[in-house]
Amino acid sequence: MKLVHTIEELRRDLAEARAGGKKIGLVPTMGALHEGHASLVRRSVEDNGVTVVSVFLNPTQFNDKKDLERYPRTLEADCRLLKAVGADFVFAPSVEEVYPEPDTRTFSYPPVDTVMEGAFRPGHFNGVCQVVSKLFAIVEPDRAYFGEKDFQQIAVVRAMAEDLGFNVEIVPCPVVREKSGLAMSSRNTLLTEEEKAMAANIYAVLAKSKSFATNHTLAETRRYVVDSLNAIVGLEVQYFSIVDGGSLQDVDRWSDSDDIVGCITVYCGHLPVRLIDHIRYKG
Ligand code: PAF
């Protein structure tokens, strides 16, 4: 496995691999890697001759400065994990390497980028599109792997890739969970053990709401999830939207779509840490 810091060197190495007929898989990350990332890398290693993992804490997608400041930075440990799961290249550029000039490009993909995270984190998806479009242009991957934990991000990245004509297959990969059910996330390291136990209620309640939904209306199910989680001291739901899995727009009745997903964001603990998760009700 090779650690590369510059675009020039990575392009040179990848040109050789491509000339040798190898398919290239890209796993974009912001570091602080965990088993969820490892599963994306394993999948890419299975599917491609070469796997590139980018480790870049992208400042343009943070609308909250404090969130960026306290985001864990663990490049050495990340490299150990990536070597163990078979990555070929770790691309860890500096901010200046990726953004020699401020990126003034704007991306807009309504309706999928305007709701939920798009509404509560203004500018977030613009920053994600800025960095992912740069990574796609640098790496020119055949396939790119994204965790379904960031359910909305996949829809936005797909829209961006299609809009800009990138010849890349976007491969969504299942959420990886702790034994407790808590969705793995780099932000979990910011939680105390007690807070992690508290945060496990998010998925427990979502999972219970699936059977609740079989004999309750959509509005009742939404209320059940929000009220159950808000009743737990230390948790505060920011939003819980029950949406069509394709357009990501709110649905009012279970009969409105064959593909229905509940997407949630919850503040947890003393900092607090913002956690996202989702559950598929239909589809
Ligand atoms: O999902 C993430 O970790 C980030 O949003 C991504 C896709 C690596 C872009 O910085």
# chains A, B, ... in the order shown; residues from 1 in each chain; ligands from 1
>>> residues_near_ligand(ligand="ligand 1", cutoff="10 Å", atoms="only C-alpha atoms and all ligand atoms", output="ChimeraX atom specification")
/A:27-33,37,53-62,124-125,127-133,135,144-151,153-154,157,185-186
>>> write_last_selection(atoms="C-alpha atoms", output="compact mmCIF listing (two decimals), in the first residue's frame")
# COMPACT_ATOMS: atom_id res chain seq x y z
CA VAL A 27 -13.52 5.01 -1.50
CA PRO A 28 -13.80 8.68 -0.48
CA THR A 29 -13.45 9.22 3.29
CA MET A 30 -12.66 11.96 5.77
CA GLY A 31 -10.53 9.64 7.90
CA ALA A 32 -11.17 8.42 11.46
CA LEU A 33 -11.87 5.10 9.81
CA HIS A 37 -15.19 2.18 5.97
CA VAL A 53 -8.95 5.46 -0.49
CA SER A 54 -8.96 9.21 -0.10
CA VAL A 55 -8.49 10.50 3.44
CA PHE A 56 -9.33 14.18 3.32
CA LEU A 57 -11.16 16.19 5.95
CA ASN A 58 -12.97 18.47 3.55
CA PRO A 59 -13.43 21.91 5.14
CA THR A 60 -15.96 23.13 2.57
CA GLN A 61 -18.67 20.70 3.67
CA PHE A 62 -18.69 21.80 7.32
CA HIS A 124 -23.06 20.99 3.26
CA PHE A 125 -23.95 19.20 0.03
CA GLY A 127 -19.07 21.19 -0.23
CA VAL A 128 -19.57 17.43 -0.68
CA CYS A 129 -20.10 17.96 -4.44
CA GLN A 130 -17.04 20.23 -4.62
CA VAL A 131 -14.73 17.63 -3.12
CA VAL A 132 -16.25 14.51 -4.65
CA SER A 133 -16.22 16.07 -8.14
CA LEU A 135 -11.79 13.37 -6.46
CA ALA A 144 -16.96 4.75 -6.22
CA TYR A 145 -18.19 3.35 -2.91
CA PHE A 146 -20.39 5.21 -0.42
CA GLY A 147 -21.97 4.03 2.83
CA GLU A 148 -25.77 4.01 2.94
CA LYS A 149 -25.62 5.55 6.41
CA ASP A 150 -25.38 8.85 4.53
CA PHE A 151 -28.49 7.93 2.60
CA GLN A 153 -25.50 11.95 0.24
CA ILE A 154 -25.67 9.02 -2.20
CA VAL A 157 -23.54 12.40 -5.44
CA SER A 185 -19.70 6.71 12.43
CA SER A 186 -16.43 8.55 12.93
>>> select_by_dssp(residues="range 28-187 of chain A", states="alpha helix (DSSP H)", output="VMD selection string")
chain A and resid 35 to 47 65 to 70 75 to 85 95 to 98 117 to 120 124 to 139 151 to 164
>>> select_by_dssp(residues="range 188-283 of chain A", states="strand (DSSP E)", output="list of chain:residue names")
A:Leu235, A:Glu236, A:Val237, A:Gln238, A:Tyr239, A:Phe240, A:Ser241, A:Ile242, A:Val243, A:Asp244, A:Ile260, A:Val261, A:Gly262, A:Cys263, A:Ile264, A:Thr265, A:Val266, A:Tyr267, A:Cys268, A:Val273, A:Arg274, A:Leu275, A:Ile276, A:Asp277, A:His278, A:Ile279, A:Arg280, A:Tyr281, A:Lys282
>>> closest_residue(among="A:Cys263, A:Val175, A:Leu14, A:Ala199", to="Val233 in chain A", atoms="only C-alpha atoms")
A:Ala199
>>> closest_residue(among="A:Leu191, A:Tyr224, A:Pro110, A:Asp142", to="Ile170 in chain A", atoms="only C-alpha atoms")
A:Asp142
>>> closest_residue(among="A:Ser180, A:Asn167, A:Asn126, A:Ser209", to="Val139 in chain A", atoms="only C-alpha atoms")
A:Asn167
>>> residues_around(residues="Val112 in chain A", least_positions_apart="4", cutoff="7 Å", atoms="only C-alpha atoms", output="ChimeraX atom specification")
/A:155-156,247-248
>>> write_last_selection(atoms="N, CA and C atoms", output="short mmCIF file (atom, residue, chain, number, x, y, z; two decimals), in the first residue's frame")
data_model
loop_
_atom_site.label_atom_id
_atom_site.label_comp_id
_atom_site.auth_asym_id
_atom_site.auth_seq_id
_atom_site.Cartn_x
_atom_site.Cartn_y
_atom_site.Cartn_z
N ALA A 155 -27.74 10.02 -2.99
CA ALA A 155 -28.63 10.58 -4.02
C ALA A 155 -28.03 11.86 -4.61
N VAL A 156 -27.42 12.68 -3.76
CA VAL A 156 -26.83 13.94 -4.24
C VAL A 156 -25.59 13.66 -5.11
N SER A 247 -37.08 10.28 -4.51
CA SER A 247 -37.11 11.75 -4.60
C SER A 247 -36.71 12.41 -3.28
N LEU A 248 -36.77 11.63 -2.20
CA LEU A 248 -36.49 12.10 -0.83
C LEU A 248 -37.49 13.15 -0.35
#
>>> atom_distance(atom1="CA of Val243 in chain A", atom2="CA of Pro272 in chain A")
26.0 Å
>>> closest_residue(among="A:Gly246, A:Lys23, A:Ser108, A:Phe240", to="Val168 in chain A", atoms="only C-alpha atoms")
A:Lys23
>>> closest_residue(among="A:Glu35, A:Asp252, A:Glu169, A:Asp47", to="Lys22 in chain A", atoms="only C-alpha atoms")
A:Asp47
>>> atom_distance(atom1="CA of Glu101 in chain A", atom2="CA of Ala161 in chain A")
22.3 Å
>>> atom_distance(atom1="CA of Cys268 in chain A", atom2="CA of Ala119 in chain A")
19.8 Å
>>> residues_around(residues="Ser211 in chain A", least_positions_apart="6", cutoff="12 Å", atoms="only C-alpha atoms", output="list in words")
Ala204, Val205, Thr217, Thr221, Tyr224, Val225, Ile279, Arg280, Tyr281 and Lys282 of chain A
